[in-house]
$ cat protein.cif   # mmCIF, C-alpha atoms
data_upload
loop_
_atom_site.label_atom_id
_atom_site.label_comp_id
_atom_site.auth_asym_id
_atom_site.auth_seq_id
_atom_site.Cartn_x
_atom_site.Cartn_y
_atom_site.Cartn_z
CA MET A 228 0.00 0.00 0.00
CA ASN A 229 1.12 3.55 -0.69
CA GLY A 230 1.23 4.39 2.99
CA VAL A 231 3.19 6.91 4.97
CA HIS A 232 5.45 4.07 6.18
CA ASP A 233 7.02 4.10 2.69
CA MET A 234 9.28 7.03 3.53
CA GLY A 235 12.31 6.64 1.30
CA GLY A 236 13.09 9.95 -0.38
CA MET A 237 10.58 12.08 1.53
CA ASP A 238 11.73 15.51 2.72
CA GLY A 239 10.96 17.58 5.76
CA PHE A 240 11.52 15.20 8.67
CA GLY A 241 14.60 17.05 9.84
CA LYS A 242 17.93 15.93 11.22
CA VAL A 243 18.71 12.51 12.59
CA GLU A 244 18.81 12.85 16.36
CA VAL A 245 21.06 10.40 18.13
CA GLU A 246 20.55 9.74 21.83
CA PRO A 247 23.88 8.95 23.49
CA ASN A 248 23.87 5.79 25.62
CA GLU A 249 20.32 5.01 24.57
CA PRO A 250 18.70 2.33 26.74
CA THR A 251 17.22 -0.80 25.13
CA PHE A 252 13.78 0.35 26.30
CA HIS A 253 12.82 3.83 27.46
CA GLU A 254 9.91 2.55 29.56
CA PRO A 255 9.15 -0.95 30.82
CA TRP A 256 5.95 -1.13 28.73
CA GLU A 257 8.04 -0.94 25.55
CA GLY A 258 9.75 -4.19 26.44
CA ARG A 259 6.43 -5.84 27.26
CA VAL A 260 4.99 -4.79 23.88
CA MET A 261 8.04 -6.14 22.06
CA ALA A 262 7.81 -9.42 23.95
CA MET A 263 4.05 -9.80 23.36
CA VAL A 264 4.44 -9.12 19.63
CA ARG A 265 7.21 -11.71 19.40
CA ALA A 266 5.34 -14.28 21.48
CA MET A 267 2.00 -13.92 19.71
CA GLY A 268 3.76 -13.80 16.34
CA ALA A 269 5.47 -17.10 17.11
CA ASN A 270 2.53 -19.04 18.56
CA ALA A 271 -0.57 -17.44 17.04
CA GLY A 272 0.61 -17.85 13.44
CA LEU A 273 0.99 -14.12 12.82
CA ASN A 274 3.82 -13.96 10.31
CA ILE A 275 6.16 -11.00 10.03
CA ASP A 276 4.40 -9.62 6.95
CA MET A 277 0.98 -9.71 8.62
CA GLN A 278 2.52 -7.79 11.51
CA ARG A 279 4.09 -5.26 9.17
CA PHE A 280 0.83 -4.73 7.30
CA SER A 281 -1.01 -4.17 10.58
CA ARG A 282 1.38 -1.31 11.37
CA GLU A 283 1.30 0.11 7.84
CA SER A 284 -2.49 0.24 8.17
CA ILE A 285 -2.35 2.65 11.11
CA PRO A 286 -3.84 5.96 9.88
CA PRO A 287 -1.01 8.21 8.62
CA ALA A 288 -1.40 11.01 11.15
CA ILE A 289 -1.31 8.53 14.01
CA TYR A 290 1.56 6.57 12.45
CA LEU A 291 3.72 9.70 12.26
CA ALA A 292 2.90 10.88 15.77
CA ALA A 293 3.21 7.53 17.52
CA SER A 294 6.45 6.25 19.00
CA TYR A 295 7.86 3.02 17.62
CA TYR A 296 6.47 0.73 20.31
CA GLN A 297 3.15 2.57 20.29
CA LYS A 298 2.92 1.54 16.64
CA TRP A 299 3.73 -2.03 17.62
CA PHE A 300 0.99 -1.93 20.26
CA LEU A 301 -1.57 -0.49 17.82
CA GLY A 302 -0.64 -3.06 15.18
CA LEU A 303 -0.88 -5.94 17.64
CA LYS A 304 -4.23 -4.71 18.90
CA ARG A 305 -5.61 -4.50 15.36
CA THR A 306 -4.36 -7.99 14.50
CA LEU A 307 -5.70 -9.60 17.68
CA ILE A 308 -9.15 -8.09 17.10
CA GLU A 309 -9.19 -9.03 13.39
CA ARG A 310 -8.36 -12.62 14.25
CA ASN A 311 -10.91 -12.82 17.05
CA LEU A 312 -8.19 -13.64 19.56
CA VAL A 313 -9.09 -10.64 21.73
CA GLY A 314 -12.34 -8.69 21.45
CA ALA A 315 -12.55 -4.91 21.20
CA ASP A 316 -14.77 -5.13 24.28
CA GLU A 317 -11.97 -6.89 26.14
CA PHE A 318 -9.51 -4.15 25.21
CA ALA A 319 -12.06 -1.66 26.55
CA ALA A 320 -12.63 -3.66 29.72
CA GLY A 321 -8.93 -4.31 30.31
CA ARG A 322 -9.55 -7.96 31.11
CA SER A 323 -10.55 -11.21 29.49
CA LEU A 324 -14.34 -11.60 29.12
CA ARG A 325 -14.40 -15.04 27.52
CA ALA A 326 -12.21 -17.94 26.53
CA GLY A 327 -10.41 -17.40 23.23
CA PRO A 328 -9.67 -19.93 20.52
CA PRO A 329 -6.51 -21.94 21.21
CA LEU A 330 -3.34 -20.71 19.50
CA PRO A 331 -1.97 -22.88 16.68
CA ARG A 332 1.20 -23.50 18.69
CA GLY A 333 -0.36 -23.29 22.13
CA LYS A 334 0.55 -21.01 25.01
CA PHE A 335 3.85 -19.16 24.62
CA SER A 336 5.97 -20.59 27.44
CA MET A 337 9.55 -20.59 28.69
CA SER A 338 10.37 -23.47 26.36
CA ASP A 339 9.49 -21.25 23.36
CA VAL A 340 11.90 -18.43 24.21
CA ALA A 341 15.03 -20.00 22.71
CA ARG A 342 13.20 -20.67 19.45
CA ILE A 343 12.50 -16.98 18.79
CA ARG A 344 16.01 -15.87 19.68
CA THR A 345 17.25 -17.03 16.29
CA ARG A 346 15.45 -15.84 13.18
CA GLY A 347 13.66 -18.40 11.13
CA SER A 348 14.62 -19.07 7.53
CA PHE A 349 12.56 -17.53 4.75
CA GLN A 350 14.23 -19.63 2.03
CA ARG A 351 11.79 -21.99 0.29
CA ASP A 352 12.66 -24.23 -2.63
CA VAL A 353 10.87 -23.57 -5.91
CA ALA A 354 10.73 -25.64 -9.08
CA SER A 355 11.46 -22.70 -11.39
CA GLN A 356 14.85 -21.32 -12.33
CA PRO A 357 15.53 -17.63 -11.72
CA LEU A 358 14.52 -15.46 -14.69
CA PHE A 359 17.48 -13.13 -14.20
CA LYS A 360 21.19 -13.59 -13.63
CA VAL A 361 23.82 -11.41 -12.00
CA GLY A 362 24.65 -8.47 -14.27
CA ASP A 363 21.26 -8.39 -16.00
CA LYS A 364 19.62 -5.03 -16.55
CA VAL A 365 16.14 -5.00 -15.05
CA ARG A 366 13.31 -2.53 -14.59
CA THR A 367 11.11 -2.50 -11.53
CA ARG A 368 7.43 -2.65 -12.29
CA ASN A 369 5.17 0.30 -11.62
CA ILE A 370 2.83 -1.42 -9.20
CA ASN A 371 0.59 0.34 -6.70
CA PRO A 372 -1.27 -2.36 -4.77
CA THR A 373 -3.47 -1.30 -1.87
CA THR A 374 -2.23 -4.48 -0.17
CA HIS A 375 1.20 -5.22 1.32
CA THR A 376 4.29 -4.92 -0.86
CA ARG A 377 8.00 -4.55 -0.25
CA LEU A 378 8.74 -2.58 -3.41
CA PRO A 379 9.18 0.99 -2.17
CA ARG A 380 7.66 3.81 -4.20
CA TYR A 381 11.00 5.52 -4.83
CA ALA A 382 12.22 2.40 -6.68
CA ARG A 383 9.24 1.72 -8.97
CA GLY A 384 9.64 1.99 -12.75
CA LYS A 385 13.44 2.33 -12.35
CA THR A 386 16.25 0.57 -14.18
CA GLY A 387 19.01 -1.18 -12.27
CA ILE A 388 21.40 -4.11 -12.36
CA VAL A 389 21.02 -7.49 -10.67
CA GLU A 390 23.92 -7.77 -8.27
CA ARG A 391 23.05 -10.87 -6.22
CA ILE A 392 20.59 -13.72 -6.30
CA ASN A 393 19.56 -14.37 -2.71
CA GLY A 394 17.64 -17.60 -3.25
CA SER A 395 13.87 -18.11 -3.33
CA HIS A 396 11.99 -16.67 -0.38
CA VAL A 397 8.51 -16.39 1.10
CA PHE A 398 6.71 -13.65 -0.88
CA PRO A 399 5.55 -10.93 1.53
CA ASP A 400 2.84 -9.66 -0.84
CA SER A 401 1.10 -13.04 -0.47
CA ALA A 402 2.05 -14.03 3.08
CA ALA A 403 0.83 -10.74 4.60
CA HIS A 404 -2.71 -11.55 3.55
CA GLY A 405 -2.84 -15.24 4.41
CA HIS A 406 -2.49 -16.26 0.76
CA GLY A 407 0.31 -18.70 1.43
CA GLU A 408 4.06 -18.40 1.15
CA ASN A 409 4.10 -18.34 -2.68
CA PRO A 410 7.94 -18.31 -2.73
CA GLN A 411 9.72 -16.20 -5.34
CA TRP A 412 13.30 -15.58 -6.44
CA LEU A 413 14.85 -12.69 -4.57
CA TYR A 414 17.49 -10.40 -6.10
CA THR A 415 19.63 -7.52 -4.89
CA VAL A 416 19.11 -4.84 -7.54
CA VAL A 417 21.36 -1.79 -7.53
CA PHE A 418 20.45 1.61 -8.97
CA ALA A 419 22.52 4.69 -9.68
CA GLY A 420 21.52 7.62 -7.48
CA ARG A 421 20.73 9.61 -10.63
CA GLU A 422 18.32 6.94 -11.85
CA LEU A 423 16.28 7.37 -8.68
CA TRP A 424 16.71 11.06 -7.91
CA GLY A 425 17.57 12.76 -11.19
CA ASP A 426 20.58 14.51 -12.63
CA ASP A 427 21.29 16.58 -9.54
CA ALA A 428 21.88 13.50 -7.41
CA ASP A 429 25.27 12.71 -5.92
CA PRO A 430 27.21 10.88 -8.69
CA THR A 431 28.92 8.65 -6.11
CA LEU A 432 25.62 7.33 -4.75
CA ARG A 433 24.29 3.85 -5.45
CA ILE A 434 21.26 2.34 -3.76
CA SER A 435 20.09 -1.24 -3.70
CA ILE A 436 16.84 -2.90 -2.77
CA ASP A 437 16.11 -6.58 -2.42
CA ALA A 438 13.44 -7.24 -5.03
CA PHE A 439 11.27 -10.30 -5.54
CA GLU A 440 11.02 -11.56 -9.11
CA PRO A 441 7.37 -10.42 -9.60
CA TYR A 442 8.61 -6.84 -9.02
CA LEU A 443 10.97 -7.04 -12.01
CA GLU A 444 10.98 -7.17 -15.80
CA ALA A 445 13.86 -7.32 -18.26
CA ALA A 446 15.15 -3.93 -19.39
CA MET B 262 0.34 13.72 20.70
CA SER B 263 2.91 16.41 21.16
CA ASP B 264 5.31 17.80 18.57
CA HIS B 265 8.03 16.84 20.97
CA LYS B 266 7.18 13.19 20.59
CA LEU B 267 6.88 13.45 16.82
CA HIS B 268 10.29 15.01 16.68
CA HIS B 269 12.07 12.44 18.79
CA GLY B 270 10.05 9.44 17.72
CA HIS B 271 9.83 8.02 21.19
CA ASP B 272 8.09 8.60 24.38
CA HIS B 273 10.02 10.43 27.01
CA ASP B 274 7.63 13.17 27.88
CA HIS B 275 5.69 13.04 31.08
CA GLY B 276 2.12 13.13 32.17
CA SER B 277 -1.02 11.21 31.37
CA GLU B 278 0.00 9.73 28.03
CA LEU B 279 2.89 7.79 29.47
CA GLY B 280 0.71 6.43 32.21
CA GLU B 281 -1.94 5.59 29.67
CA MET B 282 0.45 3.42 27.63
CA GLN B 283 1.59 1.62 30.75
CA LEU B 284 -2.02 0.90 31.66
CA ARG B 285 -3.03 -0.20 28.18
CA VAL B 286 -0.05 -2.50 27.80
CA ARG B 287 -0.51 -3.98 31.27
CA ALA B 288 -4.19 -4.62 30.47
CA LEU B 289 -3.30 -6.43 27.25
CA GLU B 290 -0.77 -8.58 29.07
CA THR B 291 -3.45 -9.44 31.63
CA ILE B 292 -5.87 -10.43 28.86
CA LEU B 293 -3.32 -12.59 27.04
CA THR B 294 -2.33 -14.25 30.32
CA GLU B 295 -5.95 -14.88 31.38
CA LYS B 296 -6.68 -16.45 28.00
CA GLY B 297 -3.72 -18.75 28.40
CA TYR B 298 -1.90 -17.30 25.40
CA VAL B 299 1.32 -16.24 27.11
CA ASP B 300 3.26 -17.05 30.26
CA PRO B 301 4.42 -13.68 31.68
CA LYS B 302 7.66 -15.34 32.77
CA ALA B 303 8.39 -16.14 29.13
CA LEU B 304 7.80 -12.46 28.29
CA ASP B 305 10.25 -11.55 31.07
CA ALA B 306 12.79 -13.86 29.47
CA ILE B 307 12.37 -12.22 26.04
CA VAL B 308 12.85 -8.75 27.51
CA GLU B 309 15.88 -9.90 29.48
CA THR B 310 17.41 -11.49 26.39
CA TYR B 311 17.40 -8.19 24.52
CA GLU B 312 18.41 -6.11 27.52
CA THR B 313 21.35 -8.26 28.55
CA LYS B 314 22.34 -10.95 26.04
CA ILE B 315 21.97 -9.68 22.48
CA GLY B 316 23.61 -6.42 21.52
CA PRO B 317 26.32 -4.85 19.37
CA ARG B 318 29.05 -6.84 21.13
CA ASN B 319 27.88 -9.85 19.13
CA GLY B 320 28.57 -8.06 15.87
CA ALA B 321 31.79 -6.52 17.17
CA ARG B 322 33.24 -9.98 17.82
CA VAL B 323 32.45 -10.96 14.25
CA VAL B 324 34.13 -7.85 12.85
CA ALA B 325 37.22 -8.31 15.02
CA ARG B 326 37.54 -11.93 13.93
CA ALA B 327 37.32 -10.85 10.28
CA TRP B 328 40.09 -8.30 10.85
CA VAL B 329 42.54 -10.87 12.22
CA ASP B 330 41.57 -13.97 10.23
CA PRO B 331 41.59 -13.61 6.40
CA ALA B 332 40.00 -17.02 5.87
CA PHE B 333 37.12 -16.11 8.20
CA LYS B 334 36.73 -12.75 6.47
CA ALA B 335 36.48 -14.45 3.07
CA ALA B 336 33.90 -16.87 4.44
CA LEU B 337 31.96 -14.01 6.08
CA LEU B 338 31.73 -12.07 2.83
CA LYS B 339 30.66 -15.21 0.97
CA ASP B 340 27.95 -16.35 3.43
CA ALA B 341 27.81 -14.41 6.68
CA SER B 342 25.25 -16.66 8.40
CA ALA B 343 27.31 -19.79 7.72
CA ALA B 344 30.60 -18.16 8.73
CA ILE B 345 29.25 -16.83 12.02
CA ARG B 346 27.83 -20.22 12.94
CA THR B 347 31.40 -21.55 12.95
CA MET B 348 32.25 -19.12 15.77
CA GLY B 349 30.30 -21.14 18.28
CA HIS B 350 27.52 -20.88 20.73
CA GLU B 351 27.64 -17.22 21.74
CA ASN B 352 26.82 -15.94 18.27
CA ARG B 353 23.58 -17.59 17.24
CA VAL B 354 22.42 -16.33 13.89
CA GLY B 355 19.62 -17.17 11.50
CA ASP B 356 19.76 -17.24 7.73
CA HIS B 357 20.16 -14.50 5.15
CA LEU B 358 22.74 -12.30 6.86
CA ILE B 359 24.93 -10.45 4.35
CA ALA B 360 28.19 -8.77 5.35
CA VAL B 361 29.22 -5.82 3.18
CA GLU B 362 32.78 -4.58 3.25
CA ASN B 363 33.90 -0.97 3.47
CA THR B 364 36.99 -0.19 1.41
CA PRO B 365 38.91 3.03 0.65
CA ARG B 366 36.70 3.33 -2.44
CA ARG B 367 33.31 2.31 -1.05
CA HIS B 368 31.38 3.08 2.13
CA ASN B 369 28.25 1.06 2.92
CA VAL B 370 25.18 2.31 4.79
CA ILE B 371 22.25 0.16 5.94
CA VAL B 372 18.65 1.37 6.19
CA CYS B 373 15.12 0.04 6.19
CA THR B 374 12.95 2.70 4.56
CA LEU B 375 9.72 0.68 4.93
CA CYS B 376 9.93 -0.31 8.59
CA SER B 377 12.85 -1.18 10.86
CA CYS B 378 14.64 -4.29 9.53
CA TYR B 379 17.94 -4.61 11.36
CA PRO B 380 20.34 -7.46 12.16
CA TRP B 381 18.99 -8.07 15.71
CA GLU B 382 21.20 -11.08 16.32
CA MET B 383 24.33 -9.07 15.61
CA LEU B 384 23.40 -5.62 16.95
CA GLY B 385 20.46 -6.09 19.34
CA LEU B 386 17.35 -3.97 18.98
CA PRO B 387 17.73 -0.91 16.75
CA PRO B 388 18.13 2.56 18.25
CA VAL B 389 15.21 4.99 17.97
CA TRP B 390 16.88 7.06 15.24
CA TYR B 391 17.18 4.01 12.97
CA LYS B 392 13.41 3.45 13.17
CA ALA B 393 12.42 7.11 12.89
CA ALA B 394 11.37 9.17 9.87
CA PRO B 395 14.45 11.42 9.47
CA TYR B 396 16.82 8.48 8.92
CA ARG B 397 14.43 6.29 6.95
CA SER B 398 13.44 9.11 4.59
CA ARG B 399 16.86 10.62 3.90
CA ALA B 400 19.31 7.71 3.96
CA VAL B 401 18.48 6.68 0.39
CA LYS B 402 18.36 10.19 -1.08
CA ASP B 403 20.92 12.20 0.85
CA PRO B 404 23.16 9.75 2.67
CA ARG B 405 26.05 12.20 2.91
CA GLY B 406 23.74 14.62 4.66
CA VAL B 407 22.68 11.88 7.04
CA LEU B 408 26.30 10.94 7.74
CA ALA B 409 26.98 14.62 8.48
CA ASP B 410 24.31 14.42 11.20
CA PHE B 411 26.55 11.76 12.75
CA GLY B 412 29.64 13.94 12.34
CA LEU B 413 30.98 11.71 9.59
CA THR B 414 32.39 13.26 6.40
CA LEU B 415 33.85 11.01 3.71
CA PRO B 416 35.99 11.94 0.69
CA SER B 417 33.84 13.30 -2.14
CA ASP B 418 34.97 10.52 -4.50
CA THR B 419 34.13 7.64 -2.14
CA GLU B 420 31.22 5.62 -3.48
CA ILE B 421 28.32 5.67 -1.04
CA ARG B 422 26.40 2.43 -1.27
CA VAL B 423 23.06 2.33 0.54
CA TRP B 424 21.41 -1.03 1.19
CA ASP B 425 17.65 -0.75 1.74
CA SER B 426 16.54 -3.84 3.71
CA THR B 427 13.34 -4.52 1.81
CA ALA B 428 13.26 -8.32 2.26
CA GLU B 429 14.34 -10.85 4.91
CA THR B 430 17.99 -10.40 4.06
CA ARG B 431 19.82 -8.50 6.80
CA PHE B 432 23.00 -6.50 6.42
CA LEU B 433 26.08 -5.99 8.57
CA VAL B 434 28.75 -3.49 7.55
CA LEU B 435 32.32 -4.74 7.89
CA PRO B 436 34.17 -1.50 8.63
CA MET B 437 37.82 -0.94 7.71
CA ARG B 438 40.33 -1.77 10.40
CA PRO B 439 41.78 1.52 11.61
CA ALA B 440 45.47 2.31 11.18
CA GLY B 441 47.49 2.03 14.37
CA THR B 442 45.87 -1.20 15.54
CA GLU B 443 48.56 -3.51 14.18
CA GLY B 444 49.27 -6.39 16.53
CA TRP B 445 46.15 -5.83 18.64
CA SER B 446 44.36 -8.88 20.01
CA GLU B 447 40.93 -9.83 18.72
CA GLU B 448 39.41 -8.89 22.08
CA ARG B 449 41.01 -5.46 22.05
CA LEU B 450 39.90 -4.88 18.46
CA ALA B 451 36.31 -5.83 19.31
CA GLU B 452 36.26 -2.98 21.86
CA ILE B 453 36.65 -0.33 19.16
CA VAL B 454 33.91 -1.68 16.87
CA THR B 455 30.93 0.57 17.51
CA ARG B 456 27.31 -0.22 16.71
CA ASP B 457 27.17 2.68 14.25
CA SER B 458 30.27 1.45 12.43
CA MET B 459 28.37 -1.77 11.65
CA ILE B 460 25.36 0.22 10.32
CA GLY B 461 27.59 2.54 8.32
CA THR B 462 26.78 5.76 10.18
CA GLY B 463 30.09 5.74 12.04
CA LEU B 464 33.64 4.44 12.02
CA PRO B 465 35.48 2.30 14.58
CA LYS B 466 36.71 4.43 17.46
CA VAL B 467 40.40 4.25 18.24
CA PRO B 468 41.15 5.71 21.66
CA ALA B 469 43.39 8.77 21.42
#
$ encode --input "protein.cif" --output "structure tokens"
Amino acid sequence: MNGVHDMGGMDGFGKVEVEPNEPTFHEPWEGRVMAMVRAMGANAGLNIDMQRFSRESIPPAIYLAASYYQKWFLGLKRTLIERNLVGADEFAAGRSLRAGPPLPRGKFSMSDVARIRTRGSFQRDVASQPLFKVGDKVRTRNINPTTHTRLPRYARGKTGIVERINGSHVFPDSAAHGHGENPQWLYTVVFAGRELWGDDADPTLRISIDAFEPYLEAA
Amino acid sequence: MSDHKLHHGHDHDHGSELGEMQLRVRALETILTEKGYVDPKALDAIVETYETKIGPRNGARVVARAWVDPAFKAALLKDASAAIRTMGHENRVGDHLIAVENTPRRHNVIVCTLCSCYPWEMLGLPPVWYKAAPYRSRAVKDPRGVLADFGLTLPSDTEIRVWDSTAETRFLVLPMRPAGTEGWSEERLAEIVTRDSMIGTGLPKVPA
């Protein structure tokens, strides 16, 4: 979706402000939100792309004003309500009002903690061969789905070079919406700064994205 | 919400809003616990893991090893996940990690313009600035301007290569080993590898 989360190339947000000796969490609730998102993601079958789409779907004005873990909380709330795991009335009441459906992987317990410490693999074997090889010139498609995609707006309809083939991976555009993993070849595609930002761009700049095969066509 | 919060991207103002988030989050944890979805002790363990066990020291050990061991460095640049797994138990890492090498001709910078993708296993949880709009918006368009915000100025003919983490690949910058560190032990070298030097917004810090 063409949401405000897709920020690459936008102006006006000001300087990067670095906080020296930043703590892992600024408030204890931030850590609890992170842990709940990880736990429910792991055991309730909420994949990373569903979680991302829930945060991208936060209304733009709220998205921009919310802190990072506020966005995680709002995204988790939306997902839990959509999946009938927690009712809106229970959020309002601040307590459980009824038994919920069991989670696909059961209660998140101490024995599950080690499993989420290491990222899972997104590589999935496919029968097809990659359409492109390293060095090929490719153009990104001009797609504007209202659903989840990982092709940023600044890199649509642009010509670049395939630099790496990263294997075949779960396709976020499908997985975010419960349409299966639909694995696709994944490429690192590099663009000249001037291709993305015009003739005034820094001539020493090159930018890459990791692009799934359906985002690309031969150029 | 206040402009202050918008500007900093995180919540360190005071008053009712902060209390409200604490209450809302505590209520959700109560609901999930009552429904039998989570064990709060397991949530404690997740929080503790990221507060105490996983942080930039993990990545710094990898960089230091690459600086002293050419065979490890070659393996790291070929397949970072596989190479790091050979280091043993303390550096657990999943798939799809890619190490990118800084050279006198090329400086690498990592960003996630769409959300906050970051090599958690190597660097811990990302700092607020990495997840906030100023960095995410400008890193791909004006990376030299962003580096200037960090006090970093590079030669005008150095290639700036920005890696936008748009998939489940994750990137770790292998910074250049600073001059004057010849003969240093791996442990001593790891001490000068900063978090920002592995994102590309800084350089290793040699004590004066």
$ interface_residues --input "protein.cif" --of "chain B" --to "chain A" --cutoff "6 Å" --atoms "all atoms listed in the file" --output "PyMOL selection string"
chain B and resi 267+270-271+283+288+292+296-300+303-304+307-308+312+354-356+374-375+395-396+398-399+402+420-425+427-428
$ atom_distance --input "protein.cif" --atom1 "atom CA of Asn363 of chain B" --atom2 "atom CA of Gly349 of chain B"
25.3 Å
$ resolve_selection --input "protein.cif" --expression "the PyMOL selection byres ((chain A and resi 365-369) around 8)" --output "count of residues only"
17
$ resolve_selection --input "protein.cif" --expression "the PyMOL selection byres ((chain B and resi 331-340) around 10)" --output "list in words"
Val323, Val324, Ala325, Arg326, Ala327, Trp328, Val329, Asp330, Ala341, Ser342, Ala343, Ala344, Ile345, Thr347, Met348, Asp356, His357, Leu358, Ile359, Ala360, Val361, Glu362 and Leu435 of chain B
$ atom_distance --input "protein.cif" --atom1 "atom CA of Arg305 of chain A" --atom2 "atom CA of Ser281 of chain A"
6.6 Å
$ residues_around --input "protein.cif" --residues "segment 450-457 of chain B" --least-positions-apart "6" --cutoff "12 Å" --atoms "only C-alpha atoms" --output "MDAnalysis selection string"
(chainID A and resid 245 247:249) or (chainID B and resid 316:329 369:372 379:381 383:388 390:391 408 411:413 433:444 463:469)
$ atom_distance --input "protein.cif" --atom1 "atom CA of Gly461 of chain B" --atom2 "atom CA of His375 of chain A"
28.4 Å
$ axis_aligned_box --input "protein.cif" --around "segment 402-408 of chain B" --padding-each-side "6 Å" --output "JSON"
{"center_x": 22.3, "center_y": 12.2, "center_z": 3.3, "size_x": 19.9, "size_y": 16.9, "size_z": 20.8}
$ closest_residue --input "protein.cif" --among "A:Gly405, A:Met228, A:Ala269, A:Pro410" --to "Arg351 of chain A" --atoms "all atoms listed in the file"
A:Pro410
